[in-house]
Amino acid sequence: VVATALVVRCADRYPLLSAIPGPCAPCVCSNAGVLQGCPFHAELRDPILWIKGRGVTAVKVEAFKGNEGAVFLHLEDNALETLPVGLFDGLRNPHGIHLSHNKLVGLSPRLFDGLGSLSFLFLNDNRIDALPPGIFDALGSLEFLYLDHNRLVDLPPGVFDALDDLWGLELGHNQIQSIPSTTFRGLKGVVNIDISANNVSHPIEVGTFANPNLRFVSLAHNAIRSVEAGAFGKSLEHVWLTGNNLTCVGLAGVDGALPSDAGCTDEGTCDALFGIAYFGDESCDVHTDPRYNTAECMWDGGDCE
């Protein structure tokens with residue numbers, strides 16, 4: 001009985017076991033790979049919906065019915081190209097949703113309605129080329145947002161304004177060309193912003209990174225030539241300029257551009273294994289990335305152990 005229970009409960013988390021009931025087990029997929037539902041999870045009240053790497057091509061609107069108490073939803077490494085409006089409605093207490101490594105191109109404006117208690121949102125490594133206005137307005141409790149490795153060119157005005165509790169924003173490896181001074185104005189609690197490896201060439205204007213708690217900013221590998229005085233706030237601890245037309249010496253030459261006790265790096269960056277969310281002062285260590293606690297590290301808050 002115990003063995004049977006473990007197989008049923010863990011089949012979707014271990015590839016060898018998952019092959020026994022079927023390619024989407026213990027969830028149910030059509031022959032075309034459309035996710036129909038997860039009744040076994042519902043029966044067990046499993047807090048984790050692990051549907052990673054199952055060849056899922058689409059998801060029905062009510063596929064997660066009966067799983068309202070799920071805390072984590074993993075849909076990464078599938079073949080999703082779009083998601084229906086209202087898909088996540090009813091998930092009352094989700095902590096994290098992983099949609100990375102799919103083929104998502106567009107996002108519905110109402111996609112995340114009903115997820116007011118979400119903390120982690122992974123949208124990285126997709127093909128997202130635009131963010132609809134208001135897409136994150138219902139996610140006031142979000143703490144970490146991953147949008148790296150997509151195809152974003154512009155960031156709509158006010159798209160992050162509702163994210164008062166956000167700590168980390170990952171925008172690296174897109175095609176963003178400019179950062180208007182109001183882009184991050186709503187991020188009152190943000191600590192880390194990574195906008196490295198984009199196409200930013202416009203000057204960084206006054207107030208762009210003047211958030212009251214912002215400590216680390218990576219602008220590495222862009223085409224930035226100038227930063228205006230007052231672009232960074234007094235809380236800034238470190239900025240990365242590697243691979244730009246502007247060096248740390250040049251930045252230091254602009255009176256008021258950099259807080260007097262802030263550091264600057266233009267000779268290296270550190271792409272951490274899990275990105276900005278799990279690091280900083282909490283769970284980074286040399287076993288995860290040997291460059292932590294070195295001058296090259298992007299998100300070392302100074303207290304990594």
# chains A, B, ... in the order shown; residues from 1 in each chain; ligands from 1
call {"tool": "select_by_dssp", "arguments": {"residues": "range 59-296 of chain A", "states": "helix (DSSP H, G or I)", "output": "list in words"}}
result
Cys248, Val249, Gly250, Leu251 and Ala252 of chain A
call {"tool": "residues_around", "arguments": {"residues": "Arg54 in chain A", "least_positions_apart": "2", "cutoff": "7 Å", "atoms": "only C-alpha atoms", "output": "list in words"}}
result
Pro23, Cys24, Ile51, Lys52, Val56 and Asn78 of chain A
call {"tool": "closest_residue", "arguments": {"among": "A:Leu214, A:Leu142, A:Leu258, A:Ala223", "to": "Val190 in chain A", "atoms": "only C-alpha atoms"}}
result
A:Leu214
call {"tool": "select_by_dssp", "arguments": {"residues": "range 8-148 of chain A", "states": "strand (DSSP E or B)", "output": "ChimeraX atom specification"}}
result
/A:28-29,34-37,48-50,58-59,72-74,96-98,120-122,144-146
call {"tool": "residues_around", "arguments": {"residues": "range 219-221 of chain A", "least_positions_apart": "5", "cutoff": "7 Å", "atoms": "only C-alpha atoms", "output": "PDB file with N, CA, C and O atoms, in the first residue's frame"}}
result
ATOM      1  N   ASP A 194      18.440  43.531 -12.518  1.00  0.00           N
ATOM      2  CA  ASP A 194      19.412  43.098 -13.523  1.00  0.00           C
ATOM      3  C   ASP A 194      18.840  43.369 -14.904  1.00  0.00           C
ATOM      4  O   ASP A 194      17.846  42.765 -15.311  1.00  0.00           O
ATOM      5  N   ILE A 195      19.461  44.295 -15.624  1.00  0.00           N
ATOM      6  CA  ILE A 195      19.038  44.585 -16.991  1.00  0.00           C
ATOM      7  C   ILE A 195      20.243  44.447 -17.923  1.00  0.00           C
ATOM      8  O   ILE A 195      20.391  45.133 -18.928  1.00  0.00           O
ATOM      9  N   SER A 196      21.109  43.496 -17.567  1.00  0.00           N
ATOM     10  CA  SER A 196      22.321  43.254 -18.341  1.00  0.00           C
ATOM     11  C   SER A 196      22.009  42.553 -19.665  1.00  0.00           C
ATOM     12  O   SER A 196      20.945  41.969 -19.838  1.00  0.00           O
ATOM     13  N   ALA A 197      22.969  42.633 -20.592  1.00  0.00           N
ATOM     14  CA  ALA A 197      22.861  41.941 -21.889  1.00  0.00           C
ATOM     15  C   ALA A 197      21.596  42.334 -22.638  1.00  0.00           C
ATOM     16  O   ALA A 197      20.822  41.485 -23.078  1.00  0.00           O
ATOM     17  N   ASN A 198      21.369  43.634 -22.774  1.00  0.00           N
ATOM     18  CA  ASN A 198      20.292  44.168 -23.594  1.00  0.00           C
ATOM     19  C   ASN A 198      20.883  45.113 -24.634  1.00  0.00           C
ATOM     20  O   ASN A 198      22.084  45.044 -24.917  1.00  0.00           O
ATOM     21  N   TRP A 240      27.132  47.396 -11.918  1.00  0.00           N
ATOM     22  CA  TRP A 240      27.998  46.706 -12.879  1.00  0.00           C
ATOM     23  C   TRP A 240      27.861  47.360 -14.249  1.00  0.00           C
ATOM     24  O   TRP A 240      26.755  47.493 -14.777  1.00  0.00           O
ATOM     25  N   LEU A 241      29.008  47.750 -14.837  1.00  0.00           N
ATOM     26  CA  LEU A 241      29.036  48.429 -16.139  1.00  0.00           C
ATOM     27  C   LEU A 241      29.839  47.656 -17.179  1.00  0.00           C
ATOM     28  O   LEU A 241      30.081  48.169 -18.269  1.00  0.00           O
ATOM     29  N   THR A 242      30.241  46.452 -16.880  1.00  0.00           N
ATOM     30  CA  THR A 242      31.061  45.657 -17.796  1.00  0.00           C
ATOM     31  C   THR A 242      30.471  45.639 -19.202  1.00  0.00           C
ATOM     32  O   THR A 242      29.277  45.424 -19.388  1.00  0.00           O
ATOM     33  N   GLY A 243      31.315  45.869 -20.210  1.00  0.00           N
ATOM     34  CA  GLY A 243      30.883  45.739 -21.592  1.00  0.00           C
ATOM     35  C   GLY A 243      30.111  46.913 -22.127  1.00  0.00           C
ATOM     36  O   GLY A 243      29.452  46.803 -23.166  1.00  0.00           O
ATOM     37  N   ASN A 244      30.166  48.084 -21.474  1.00  0.00           N
ATOM     38  CA  ASN A 244      29.503  49.280 -21.960  1.00  0.00           C
ATOM     39  C   ASN A 244      30.523  50.251 -22.552  1.00  0.00           C
ATOM     40  O   ASN A 244      31.731  50.025 -22.502  1.00  0.00           O
TER      41      ASN A 244
END
call {"tool": "residues_around", "arguments": {"residues": "Gly37 in chain A", "least_positions_apart": "6", "cutoff": "6 Å", "atoms": "only C-alpha atoms", "output": "list in words"}}
result
Cys27, Val28, Ala63 and Phe64 of chain A
call {"tool": "residues_around", "arguments": {"residues": "Ile224 in chain A", "least_positions_apart": "2", "cutoff": "10 Å", "atoms": "only C-alpha atoms", "output": "list in words"}}
result
Gln177, Ser178, Asn199, Val200, Ser201, His202, Pro203, Ile204, Leu219, Ala220, His221, Asn222, Ser226, Val227, Leu241, Gly243, Asn244, Asn245, Leu246 and Thr247 of chain A
call {"tool": "write_last_selection", "arguments": {"atoms": "all heavy atoms", "output": "short mmCIF file (atom, residue, chain, number, x, y, z; two decimals), in the first residue's frame"}}
result
data_model
loop_
_atom_site.label_atom_id
_atom_site.label_comp_id
_atom_site.auth_asym_id
_atom_site.auth_seq_id
_atom_site.Cartn_x
_atom_site.Cartn_y
_atom_site.Cartn_z
N GLN A 177 15.85 48.59 -25.38
CA GLN A 177 16.67 49.64 -25.97
C GLN A 177 16.79 50.88 -25.09
O GLN A 177 17.77 51.62 -25.18
CB GLN A 177 16.09 50.03 -27.33
CG GLN A 177 16.10 48.89 -28.33
CD GLN A 177 15.48 49.25 -29.67
OE1 GLN A 177 14.99 50.36 -29.85
NE2 GLN A 177 15.49 48.31 -30.61
N SER A 178 15.80 51.12 -24.24
CA SER A 178 15.86 52.30 -23.38
C SER A 178 15.13 52.02 -22.07
O SER A 178 14.27 51.14 -22.00
CB SER A 178 15.24 53.52 -24.07
OG SER A 178 13.85 53.32 -24.28
N ASN A 199 20.06 46.00 -25.19
CA ASN A 199 20.55 46.95 -26.20
C ASN A 199 20.38 48.39 -25.73
O ASN A 199 20.17 49.30 -26.53
CB ASN A 199 19.78 46.76 -27.51
CG ASN A 199 19.98 45.39 -28.12
OD1 ASN A 199 21.06 44.80 -27.99
ND2 ASN A 199 18.96 44.85 -28.77
N VAL A 200 20.47 48.60 -24.43
CA VAL A 200 20.26 49.94 -23.88
C VAL A 200 21.40 50.87 -24.31
O VAL A 200 22.57 50.60 -24.03
CB VAL A 200 20.17 49.90 -22.34
CG1 VAL A 200 19.97 51.31 -21.79
CG2 VAL A 200 19.05 48.98 -21.90
N SER A 201 21.04 51.94 -25.01
CA SER A 201 22.03 52.92 -25.46
C SER A 201 21.68 54.33 -25.01
O SER A 201 22.54 55.21 -25.01
CB SER A 201 22.16 52.89 -26.99
OG SER A 201 20.91 53.15 -27.61
N HIS A 202 20.42 54.57 -24.64
CA HIS A 202 20.01 55.89 -24.20
C HIS A 202 20.65 56.21 -22.86
O HIS A 202 20.93 55.33 -22.05
CB HIS A 202 18.49 55.96 -24.07
CG HIS A 202 17.78 55.88 -25.39
ND1 HIS A 202 16.63 56.56 -25.65
CD2 HIS A 202 18.07 55.20 -26.52
CE1 HIS A 202 16.23 56.30 -26.89
NE2 HIS A 202 17.09 55.47 -27.43
N PRO A 203 20.88 57.48 -22.57
CA PRO A 203 21.43 57.87 -21.25
C PRO A 203 20.51 57.39 -20.12
O PRO A 203 19.29 57.36 -20.27
CB PRO A 203 21.46 59.40 -21.32
CG PRO A 203 21.49 59.71 -22.79
CD PRO A 203 20.68 58.64 -23.46
N ILE A 204 21.10 57.02 -19.01
CA ILE A 204 20.34 56.66 -17.83
C ILE A 204 19.96 57.96 -17.12
O ILE A 204 20.81 58.69 -16.63
CB ILE A 204 21.15 55.75 -16.89
CG1 ILE A 204 21.67 54.52 -17.65
CG2 ILE A 204 20.31 55.33 -15.70
CD1 ILE A 204 20.57 53.67 -18.28
N LEU A 219 24.02 46.76 -15.19
CA LEU A 219 23.82 47.32 -16.53
C LEU A 219 24.84 46.73 -17.49
O LEU A 219 25.06 47.26 -18.58
CB LEU A 219 23.97 48.84 -16.49
CG LEU A 219 22.95 49.58 -15.63
CD1 LEU A 219 23.36 51.04 -15.45
CD2 LEU A 219 21.57 49.51 -16.26
N ALA A 220 25.46 45.63 -17.10
CA ALA A 220 26.55 45.05 -17.88
C ALA A 220 26.10 44.67 -19.29
O ALA A 220 24.95 44.29 -19.52
CB ALA A 220 27.09 43.81 -17.17
N HIS A 221 27.01 44.80 -20.23
CA HIS A 221 26.82 44.36 -21.62
C HIS A 221 25.61 45.03 -22.28
O HIS A 221 24.68 44.38 -22.74
CB HIS A 221 26.72 42.83 -21.68
CG HIS A 221 27.94 42.14 -21.16
ND1 HIS A 221 29.15 42.20 -21.79
CD2 HIS A 221 28.13 41.40 -20.04
CE1 HIS A 221 30.05 41.52 -21.10
NE2 HIS A 221 29.46 41.04 -20.03
N ASN A 222 25.65 46.35 -22.27
CA ASN A 222 24.74 47.17 -23.04
C ASN A 222 25.58 48.12 -23.88
O ASN A 222 26.74 47.82 -24.16
CB ASN A 222 23.79 47.93 -22.10
CG ASN A 222 22.63 47.06 -21.62
OD1 ASN A 222 21.70 46.79 -22.35
ND2 ASN A 222 22.71 46.62 -20.35
N SER A 226 26.35 57.22 -21.11
CA SER A 226 26.31 58.24 -20.06
C SER A 226 25.22 57.94 -19.04
O SER A 226 24.22 57.29 -19.33
CB SER A 226 26.06 59.62 -20.67
OG SER A 226 24.79 59.68 -21.28
N VAL A 227 25.49 58.41 -17.82
CA VAL A 227 24.54 58.32 -16.72
C VAL A 227 24.42 59.70 -16.09
O VAL A 227 25.43 60.31 -15.74
CB VAL A 227 25.02 57.30 -15.66
CG1 VAL A 227 24.12 57.34 -14.43
CG2 VAL A 227 25.04 55.89 -16.24
N LEU A 241 29.01 47.75 -14.84
CA LEU A 241 29.04 48.43 -16.14
C LEU A 241 29.84 47.66 -17.18
O LEU A 241 30.08 48.17 -18.27
CB LEU A 241 29.65 49.83 -15.99
CG LEU A 241 28.81 50.86 -15.23
CD1 LEU A 241 29.62 52.15 -15.07
CD2 LEU A 241 27.51 51.14 -15.96
N GLY A 243 31.32 45.87 -20.21
CA GLY A 243 30.88 45.74 -21.59
C GLY A 243 30.11 46.91 -22.13
O GLY A 243 29.45 46.80 -23.17
N ASN A 244 30.17 48.08 -21.47
CA ASN A 244 29.50 49.28 -21.96
C ASN A 244 30.52 50.25 -22.55
O ASN A 244 31.73 50.03 -22.50
CB ASN A 244 28.75 49.97 -20.81
CG ASN A 244 27.40 49.31 -20.54
OD1 ASN A 244 26.42 49.56 -21.22
ND2 ASN A 244 27.37 48.45 -19.51
N ASN A 245 30.00 51.34 -23.10
CA ASN A 245 30.88 52.41 -23.56
C ASN A 245 31.25 53.35 -22.42
O ASN A 245 32.06 54.25 -22.59
CB ASN A 245 30.19 53.21 -24.67
CG ASN A 245 29.92 52.37 -25.91
OD1 ASN A 245 30.79 51.63 -26.35
ND2 ASN A 245 28.72 52.45 -26.46
N LEU A 246 30.64 53.12 -21.27
CA LEU A 246 30.91 53.92 -20.08
C LEU A 246 31.66 53.06 -19.06
O LEU A 246 31.25 51.93 -18.78
CB LEU A 246 29.60 54.42 -19.47
CG LEU A 246 29.71 55.21 -18.17
CD1 LEU A 246 30.39 56.55 -18.41
CD2 LEU A 246 28.32 55.41 -17.55
N THR A 247 32.74 53.56 -18.52
CA THR A 247 33.51 52.83 -17.52
C THR A 247 33.22 53.40 -16.13
O THR A 247 32.59 54.44 -15.98
CB THR A 247 35.02 52.95 -17.79
OG1 THR A 247 35.40 54.33 -17.64
CG2 THR A 247 35.35 52.48 -19.20
#
call {"tool": "closest_atom_pairs", "arguments": {"of": "range 148-239 of chain A", "to": "range 114-119 of chain A", "cutoff": "12 Å", "atoms": "only C-alpha atoms", "output": "CSV"}}
result
residue,atom,partner,partner_atom,distance
A:Ala162,CA,A:Gly116,CA,11.2
A:Leu163,CA,A:Ser119,CA,10.7
A:Asp165,CA,A:Ser119,CA,9.2
A:Leu166,CA,A:Ser119,CA,8.6
A:Trp167,CA,A:Ser119,CA,10.0
A:Gly168,CA,A:Ser119,CA,10.9
call {"tool": "write_last_selection", "arguments": {"atoms": "all heavy atoms", "output": "compact mmCIF listing (two decimals), in the first residue's frame"}}
result
# COMPACT_ATOMS: atom_id res chain seq x y z
N ALA A 162 2.53 48.16 -9.72
CA ALA A 162 1.76 47.52 -8.65
C ALA A 162 2.62 46.60 -7.78
O ALA A 162 2.12 46.06 -6.79
CB ALA A 162 0.60 46.72 -9.24
N LEU A 163 3.88 46.44 -8.12
CA LEU A 163 4.72 45.45 -7.44
C LEU A 163 5.49 46.08 -6.28
O LEU A 163 6.72 46.10 -6.24
CB LEU A 163 5.68 44.82 -8.45
CG LEU A 163 5.01 44.15 -9.67
CD1 LEU A 163 6.06 43.57 -10.59
CD2 LEU A 163 4.02 43.09 -9.22
N ASP A 165 6.02 45.01 -3.32
CA ASP A 165 6.79 44.09 -2.48
C ASP A 165 7.92 43.38 -3.22
O ASP A 165 8.60 42.53 -2.65
CB ASP A 165 5.87 43.03 -1.86
CG ASP A 165 4.87 43.63 -0.88
OD1 ASP A 165 5.16 44.71 -0.34
OD2 ASP A 165 3.82 43.01 -0.64
N LEU A 166 8.11 43.71 -4.49
CA LEU A 166 9.12 43.01 -5.27
C LEU A 166 10.52 43.27 -4.72
O LEU A 166 10.88 44.42 -4.44
CB LEU A 166 9.06 43.45 -6.75
CG LEU A 166 9.74 42.51 -7.73
CD1 LEU A 166 8.89 41.26 -7.93
CD2 LEU A 166 9.97 43.20 -9.08
N TRP A 167 11.31 42.21 -4.57
CA TRP A 167 12.69 42.30 -4.12
C TRP A 167 13.67 42.22 -5.29
O TRP A 167 14.63 42.94 -5.33
CB TRP A 167 13.01 41.17 -3.15
CG TRP A 167 12.40 41.29 -1.81
CD1 TRP A 167 11.38 42.14 -1.44
CD2 TRP A 167 12.75 40.56 -0.64
NE1 TRP A 167 11.08 41.96 -0.12
CE2 TRP A 167 11.91 40.98 0.41
CE3 TRP A 167 13.69 39.56 -0.37
CZ2 TRP A 167 11.98 40.46 1.70
CZ3 TRP A 167 13.77 39.03 0.91
CH2 TRP A 167 12.92 39.49 1.93
N GLY A 168 13.42 41.28 -6.22
CA GLY A 168 14.36 41.05 -7.30
C GLY A 168 13.68 41.06 -8.65
O GLY A 168 12.66 40.40 -8.84
call {"tool": "atom_distance", "arguments": {"atom1": "CA of His98 in chain A", "atom2": "CA of Asn150 in chain A"}}
result
14.7 Å
call {"tool": "atom_distance", "arguments": {"atom1": "CA of Thr183 in chain A", "atom2": "CA of Thr208 in chain A"}}
result
7.1 Å
call {"tool": "atom_distance", "arguments": {"atom1": "CA of Pro157 in chain A", "atom2": "CA of Leu236 in chain A"}}
result
23.4 Å
call {"tool": "closest_residue", "arguments": {"among": "A:Leu91, A:Val159, A:Ala70, A:Ala79", "to": "Gly33 in chain A", "atoms": "only C-alpha atoms"}}
result
A:Ala79
call {"tool": "residues_around", "arguments": {"residues": "Asp129 in chain A", "least_positions_apart": "5", "cutoff": "7 Å", "atoms": "only C-alpha atoms", "output": "list in words"}}
result
Val105, Gly106, Asn150, Arg151, Leu152 and Val153 of chain A
call {"tool": "write_last_selection", "arguments": {"atoms": "C-alpha atoms", "output": "mmCIF file, in the first residue's frame"}}
result
data_model
loop_
_atom_site.group_PDB
_atom_site.id
_atom_site.type_symbol
_atom_site.label_atom_id
_atom_site.label_comp_id
_atom_site.auth_asym_id
_atom_site.auth_seq_id
_atom_site.Cartn_x
_atom_site.Cartn_y
_atom_site.Cartn_z
ATOM 1 C CA VAL A 105 5.246 34.468 -27.221
ATOM 2 C CA GLY A 106 2.462 36.612 -25.769
ATOM 3 C CA ASN A 150 13.129 36.630 -23.782
ATOM 4 C CA ARG A 151 12.644 39.081 -26.676
ATOM 5 C CA LEU A 152 11.405 42.184 -24.909
ATOM 6 C CA VAL A 153 12.159 45.444 -26.723
#
call {"tool": "decode", "arguments": {"residues": "range 192-286 of chain A", "atoms": "C-alpha atoms", "output": "PDB file, in the first residue's frame"}}
result
ATOM      1  CA  ASN A 192      18.208  43.888  -7.081  1.00  0.00           C
ATOM      2  CA  ILE A 193      17.591  44.888 -10.712  1.00  0.00           C
ATOM      3  CA  ASP A 194      19.412  43.098 -13.523  1.00  0.00           C
ATOM      4  CA  ILE A 195      19.038  44.585 -16.991  1.00  0.00           C
ATOM      5  CA  SER A 196      22.321  43.254 -18.341  1.00  0.00           C
ATOM      6  CA  ALA A 197      22.861  41.941 -21.889  1.00  0.00           C
ATOM      7  CA  ASN A 198      20.292  44.168 -23.594  1.00  0.00           C
ATOM      8  CA  ASN A 199      20.546  46.949 -26.199  1.00  0.00           C
ATOM      9  CA  VAL A 200      20.256  49.942 -23.877  1.00  0.00           C
ATOM     10  CA  SER A 201      22.034  52.916 -25.463  1.00  0.00           C
ATOM     11  CA  HIS A 202      20.006  55.890 -24.201  1.00  0.00           C
ATOM     12  CA  PRO A 203      21.425  57.866 -21.252  1.00  0.00           C
ATOM     13  CA  ILE A 204      20.340  56.655 -17.829  1.00  0.00           C
ATOM     14  CA  GLU A 205      18.177  59.544 -16.640  1.00  0.00           C
ATOM     15  CA  VAL A 206      17.731  61.160 -13.238  1.00  0.00           C
ATOM     16  CA  GLY A 207      15.733  58.937 -10.867  1.00  0.00           C
ATOM     17  CA  THR A 208      15.795  55.779 -12.990  1.00  0.00           C
ATOM     18  CA  PHE A 209      17.339  53.691 -10.192  1.00  0.00           C
ATOM     19  CA  ALA A 210      16.544  55.939  -7.236  1.00  0.00           C
ATOM     20  CA  ASN A 211      14.339  53.359  -5.478  1.00  0.00           C
ATOM     21  CA  PRO A 212      14.614  53.684  -1.677  1.00  0.00           C
ATOM     22  CA  ASN A 213      15.893  50.131  -1.027  1.00  0.00           C
ATOM     23  CA  LEU A 214      17.733  49.354  -4.263  1.00  0.00           C
ATOM     24  CA  ARG A 215      21.202  48.027  -3.519  1.00  0.00           C
ATOM     25  CA  PHE A 216      22.462  46.233  -6.655  1.00  0.00           C
ATOM     26  CA  VAL A 217      22.047  47.191 -10.330  1.00  0.00           C
ATOM     27  CA  SER A 218      23.587  45.372 -13.275  1.00  0.00           C
ATOM     28  CA  LEU A 219      23.822  47.320 -16.530  1.00  0.00           C
ATOM     29  CA  ALA A 220      26.553  45.047 -17.882  1.00  0.00           C
ATOM     30  CA  HIS A 221      26.821  44.359 -21.617  1.00  0.00           C
ATOM     31  CA  ASN A 222      24.738  47.171 -23.040  1.00  0.00           C
ATOM     32  CA  ALA A 223      25.762  50.222 -25.081  1.00  0.00           C
ATOM     33  CA  ILE A 224      25.391  52.868 -22.385  1.00  0.00           C
ATOM     34  CA  ARG A 225      27.501  55.978 -22.868  1.00  0.00           C
ATOM     35  CA  SER A 226      26.307  58.235 -20.060  1.00  0.00           C
ATOM     36  CA  VAL A 227      24.538  58.316 -16.720  1.00  0.00           C
ATOM     37  CA  GLU A 228      23.003  61.513 -15.403  1.00  0.00           C
ATOM     38  CA  ALA A 229      23.580  62.774 -11.888  1.00  0.00           C
ATOM     39  CA  GLY A 230      20.843  61.476  -9.593  1.00  0.00           C
ATOM     40  CA  ALA A 231      20.205  58.323 -11.625  1.00  0.00           C
ATOM     41  CA  PHE A 232      20.956  56.167  -8.553  1.00  0.00           C
ATOM     42  CA  GLY A 233      19.579  56.537  -5.043  1.00  0.00           C
ATOM     43  CA  LYS A 234      21.479  56.729  -1.767  1.00  0.00           C
ATOM     44  CA  SER A 235      20.825  53.053  -0.963  1.00  0.00           C
ATOM     45  CA  LEU A 236      22.915  51.795  -3.908  1.00  0.00           C
ATOM     46  CA  GLU A 237      25.811  49.523  -2.910  1.00  0.00           C
ATOM     47  CA  HIS A 238      27.105  48.354  -6.293  1.00  0.00           C
ATOM     48  CA  VAL A 239      26.601  48.823 -10.022  1.00  0.00           C
ATOM     49  CA  TRP A 240      27.998  46.706 -12.879  1.00  0.00           C
ATOM     50  CA  LEU A 241      29.036  48.429 -16.139  1.00  0.00           C
ATOM     51  CA  THR A 242      31.061  45.657 -17.796  1.00  0.00           C
ATOM     52  CA  GLY A 243      30.883  45.739 -21.592  1.00  0.00           C
ATOM     53  CA  ASN A 244      29.503  49.280 -21.960  1.00  0.00           C
ATOM     54  CA  ASN A 245      30.881  52.410 -23.564  1.00  0.00           C
ATOM     55  CA  LEU A 246      30.912  53.915 -20.081  1.00  0.00           C
ATOM     56  CA  THR A 247      33.514  52.832 -17.516  1.00  0.00           C
ATOM     57  CA  CYS A 248      33.528  53.173 -13.757  1.00  0.00           C
ATOM     58  CA  VAL A 249      36.124  55.933 -14.089  1.00  0.00           C
ATOM     59  CA  GLY A 250      33.812  57.797 -16.433  1.00  0.00           C
ATOM     60  CA  LEU A 251      30.884  57.321 -14.088  1.00  0.00           C
ATOM     61  CA  ALA A 252      32.914  58.581 -11.136  1.00  0.00           C
ATOM     62  CA  GLY A 253      33.689  61.694 -13.159  1.00  0.00           C
ATOM     63  CA  VAL A 254      30.025  62.705 -13.232  1.00  0.00           C
ATOM     64  CA  ASP A 255      29.398  64.626 -10.045  1.00  0.00           C
ATOM     65  CA  GLY A 256      26.460  63.101  -8.154  1.00  0.00           C
ATOM     66  CA  ALA A 257      26.021  60.136 -10.517  1.00  0.00           C
ATOM     67  CA  LEU A 258      27.131  57.550  -7.957  1.00  0.00           C
ATOM     68  CA  PRO A 259      26.666  57.622  -4.162  1.00  0.00           C
ATOM     69  CA  SER A 260      29.993  58.213  -2.452  1.00  0.00           C
ATOM     70  CA  ASP A 261      30.130  54.795  -0.771  1.00  0.00           C
ATOM     71  CA  ALA A 262      28.815  52.723  -3.710  1.00  0.00           C
ATOM     72  CA  GLY A 263      31.047  50.319  -5.623  1.00  0.00           C
ATOM     73  CA  CYS A 264      31.382  49.906  -9.374  1.00  0.00           C
ATOM     74  CA  THR A 265      32.626  47.021 -11.530  1.00  0.00           C
ATOM     75  CA  ASP A 266      33.438  47.153 -15.237  1.00  0.00           C
ATOM     76  CA  GLU A 267      35.622  44.062 -15.607  1.00  0.00           C
ATOM     77  CA  GLY A 268      33.340  41.139 -14.767  1.00  0.00           C
ATOM     78  CA  THR A 269      29.913  39.865 -13.808  1.00  0.00           C
ATOM     79  CA  CYS A 270      28.604  36.739 -12.195  1.00  0.00           C
ATOM     80  CA  ASP A 271      25.701  34.782 -13.718  1.00  0.00           C
ATOM     81  CA  ALA A 272      24.459  32.878 -10.696  1.00  0.00           C
ATOM     82  CA  LEU A 273      22.925  29.439 -11.057  1.00  0.00           C
ATOM     83  CA  PHE A 274      19.514  30.532  -9.772  1.00  0.00           C
ATOM     84  CA  GLY A 275      19.697  34.224 -10.678  1.00  0.00           C
ATOM     85  CA  ILE A 276      18.943  37.013  -8.282  1.00  0.00           C
ATOM     86  CA  ALA A 277      16.094  35.465  -6.309  1.00  0.00           C
ATOM     87  CA  TYR A 278      17.845  32.931  -4.109  1.00  0.00           C
ATOM     88  CA  PHE A 279      21.037  34.851  -3.485  1.00  0.00           C
ATOM     89  CA  GLY A 280      22.104  38.090  -1.848  1.00  0.00           C
ATOM     90  CA  ASP A 281      22.321  37.680   1.910  1.00  0.00           C
ATOM     91  CA  GLU A 282      20.357  34.462   2.198  1.00  0.00           C
ATOM     92  CA  SER A 283      21.346  31.187   0.524  1.00  0.00           C
ATOM     93  CA  CYS A 284      24.295  31.812  -1.795  1.00  0.00           C
ATOM     94  CA  ASP A 285      27.561  29.982  -1.173  1.00  0.00           C
ATOM     95  CA  VAL A 286      30.757  29.015  -2.944  1.00  0.00           C
TER      96      VAL A 286
END
